[in-house]
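For reference, work.txt is printed below; it contains compact mmCIF, C-alpha atoms.
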# COMPACT_ATOMS: atom_id res chain seq x y z
CA MET A 227 100.78 190.78 -204.27
CA ALA A 228 100.26 192.27 -200.84
CA ALA A 229 98.20 190.42 -198.28
CA PRO A 230 94.72 191.80 -197.69
CA PRO A 231 94.37 193.97 -194.62
CA ALA A 232 93.49 192.14 -191.44
CA ARG A 233 89.84 192.29 -190.47
CA PRO A 234 89.20 194.02 -187.18
CA ALA A 235 87.95 191.91 -184.31
CA GLY A 236 84.22 191.44 -184.56
CA ALA A 237 84.12 192.28 -188.26
CA GLY A 238 81.14 190.75 -189.97
CA SER A 239 78.95 191.10 -186.90
CA PRO A 240 76.96 194.22 -186.20
CA ALA A 241 78.95 196.73 -184.20
CA ALA A 242 77.55 198.01 -180.95
CA LEU A 243 76.28 201.55 -181.28
CA SER A 244 75.65 204.31 -178.77
CA TYR A 245 72.14 205.75 -178.44
CA PHE A 246 71.05 208.80 -176.48
CA LEU A 247 67.26 208.76 -176.34
CA ILE A 248 65.42 211.82 -175.09
CA GLU A 249 61.86 211.33 -173.84
CA SER A 250 59.76 214.44 -173.25
CA LYS A 251 56.31 212.84 -173.01
CA GLY A 252 54.63 211.41 -169.95
CA ASN A 253 53.17 207.92 -169.86
CA TRP A 254 49.59 209.24 -170.06
CA SER A 255 50.26 210.97 -173.42
CA GLY A 256 49.56 207.76 -175.28
CA PRO A 257 51.27 204.50 -176.15
CA GLY A 258 54.19 206.27 -177.83
CA ALA A 259 55.96 207.14 -174.59
CA GLY A 260 55.93 203.56 -173.30
CA ALA A 261 56.94 202.22 -176.72
CA PHE A 262 59.91 204.58 -176.82
CA LEU A 263 61.18 203.25 -173.49
CA ARG A 264 60.63 199.66 -174.66
CA ASP A 265 62.71 200.50 -177.73
CA ALA A 266 65.50 201.61 -175.40
CA GLU A 267 65.29 198.29 -173.57
CA ALA A 268 65.41 196.37 -176.87
CA LEU A 269 68.44 198.31 -178.08
CA ALA A 270 70.27 197.54 -174.84
CA GLY A 271 69.26 193.89 -175.17
CA ALA A 272 70.85 193.87 -178.62
CA GLY A 273 74.17 194.91 -177.06
CA HIS A 274 74.13 198.66 -177.72
CA ARG A 275 75.05 201.36 -175.24
CA VAL A 276 71.80 203.15 -174.39
CA ARG A 277 71.20 206.24 -172.32
CA VAL A 278 67.71 207.65 -171.78
CA TYR A 279 67.27 211.28 -170.79
CA LEU A 280 63.88 212.12 -169.34
CA VAL A 281 62.91 215.78 -169.78
CA GLU A 282 59.76 217.89 -169.45
CA ASP A 283 56.79 215.57 -168.67
CA GLY A 284 59.01 212.55 -169.33
CA VAL A 285 60.48 212.92 -165.84
CA LEU A 286 57.16 211.73 -164.42
CA SER A 287 58.02 208.25 -165.75
CA ALA A 288 60.75 208.06 -163.11
CA ALA A 289 58.56 209.04 -160.16
CA GLY A 290 56.35 206.99 -157.87
CA ALA A 291 54.53 203.92 -159.18
CA ALA A 292 55.41 204.77 -162.79
CA ALA A 293 59.06 203.99 -162.04
CA ARG A 294 58.61 200.23 -162.69
CA GLU A 295 59.52 200.87 -166.34
CA ILE A 296 62.68 202.62 -165.19
CA GLU A 297 63.63 199.60 -163.08
CA ARG A 298 63.31 197.36 -166.16
CA LEU A 299 65.51 199.75 -168.14
CA ALA A 300 68.16 199.69 -165.43
CA GLU A 301 68.06 195.88 -165.32
CA ALA A 302 68.62 195.88 -169.10
CA GLY A 303 71.73 198.03 -168.66
CA VAL A 304 70.21 201.33 -169.77
CA GLU A 305 71.54 204.42 -168.02
CA VAL A 306 68.55 206.61 -167.12
CA LEU A 307 69.08 210.31 -166.59
CA VAL A 308 66.48 212.81 -165.39
CA ASP A 309 66.60 216.48 -166.31
CA ASP A 310 67.24 218.32 -163.06
CA PHE A 311 65.29 221.43 -164.10
CA SER A 312 62.21 219.47 -165.22
CA ALA A 313 62.24 217.39 -162.02
CA ALA A 314 62.39 220.55 -159.89
CA GLN A 315 59.60 222.21 -161.88
CA ARG A 316 57.35 219.19 -161.33
CA ALA A 317 58.40 218.74 -157.67
CA VAL A 318 59.28 215.04 -158.12
CA GLY A 319 62.83 215.09 -156.79
CA GLY A 320 61.92 213.21 -153.60
CA THR A 321 59.98 210.47 -155.39
CA LEU A 322 62.46 209.54 -158.14
CA SER A 323 63.51 205.97 -158.74
CA PRO A 324 66.87 205.00 -157.24
CA HIS A 325 67.78 203.79 -160.74
CA VAL A 326 68.09 207.31 -162.17
CA ARG A 327 70.57 210.11 -161.93
CA LEU A 328 69.78 213.82 -162.13
CA ALA A 329 71.61 215.55 -164.96
CA GLY A 330 71.59 218.93 -166.67
CA MET A 331 71.58 219.96 -170.30
CA GLU A 332 75.38 219.99 -170.36
CA THR A 333 75.15 216.18 -170.12
CA VAL A 334 72.90 216.11 -173.20
CA ALA A 335 75.25 218.38 -175.14
CA ALA A 336 78.29 216.28 -174.25
CA ALA A 337 76.58 212.99 -175.15
CA LEU A 338 75.28 214.23 -178.49
CA ALA A 339 78.74 215.57 -179.37
CA GLU A 340 80.29 212.09 -179.06
CA ASP A 341 81.41 210.78 -182.45
CA ASP A 342 79.52 207.51 -182.28
CA CYS A 343 76.34 208.74 -180.58
CA ARG A 344 72.94 208.56 -182.25
CA GLY A 345 70.48 210.95 -180.68
CA VAL A 346 66.71 210.43 -180.88
CA TRP A 347 64.16 212.85 -179.40
CA HIS A 348 60.59 211.81 -178.68
Let me see whether you can do it: turn the structure in this file into structure tokens.
Amino acid sequence: MAAPPARPAGAGSPAALSYFLIESKGNWSGPGAGAFLRDAEALAGAGHRVRVYLVEDGVLSAAGAAAREIERLAEAGVEVLVDDFSAAQRAVGGTLSPHVRLAGMETVAAALAEDDCRGVWH
């Protein structure tokens, strides 16, 4: 009888996943926007790769005093991206958190095309 196949390293423990979370709502739109960003922080805390893409009114979360949430995400290891078009349309480019990076829709397309990526839009 042949020996059973070797178990891969880390088998039996949950595998780290990749999440690409897209937030289109501003903080003032209700508790859902803040909860979505807290979910991103929790996923990163659980050891998953997490990227947050702020688009439309979501870019306002990365500007001015609202950027404290973005700082917490960065401290948790979340990569925070801001849609360059949305930021320009809302004239917030000069007030963005240093913890974010401007990115275009080609970044979204590439991330969502990754084999292991789970995309969530809010």
Show me, as a VMD selection string, the residues that have an atom within 7 Å of range 331-348 of chain A when counting all atoms listed in the file, minus same-chain residues fewer than 2 positions from it. chain A and resid 243 to 250 329
Go ahead and compute the interatomic distance for CA of Arg277 in chain A and CA of Glu305 in chain A, in Å to one decimal.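 Answer for the CA of Arg277 in chain A to CA of Glu305 in chain A separation: 4.7 Å.
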Please report the interatomic distance between CA of Ala314 in chain A and CA of Val326 in chain A in Å with one decimal. 14.6 Å
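Excluding range 260-273 of chain A itself and same-chain residues fewer than 5 positions from it, the residues having an atom within 8 Å of it are Ala242, Leu247, Glu249, Asn253, Val278, Glu295, Arg298, Leu299, Ala302, Gly303, Val304 and His348 of chain A, counting only C-alpha atoms.
Taking CA of Glu282 in chain A and CA of Pro324 in chain A as endpoints, the distance between them is 19.1 Å.
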Nearest residue to Ala300 in chain A out of A:Val281, A:Ala288, A:Val318, A:Leu328, using only C-alpha atoms?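 For Ala300 in chain A, the nearest of the given residues is A:Ala288.
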Would you mind telling me which residue in A:Leu280, A:Ser255, A:Ser287, A:His325 lies nearest to Phe311 in chain A when using all atoms listed in the file? A:Leu280
Considering only C-alpha atoms, state which residue in the set A:Ala317, A:Ala289, A:Ile296, A:Val306 is at the smallest distance from Arg275 in chain A.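 The shortest atom-to-atom distance to Arg275 in chain A comes from A:Val306.
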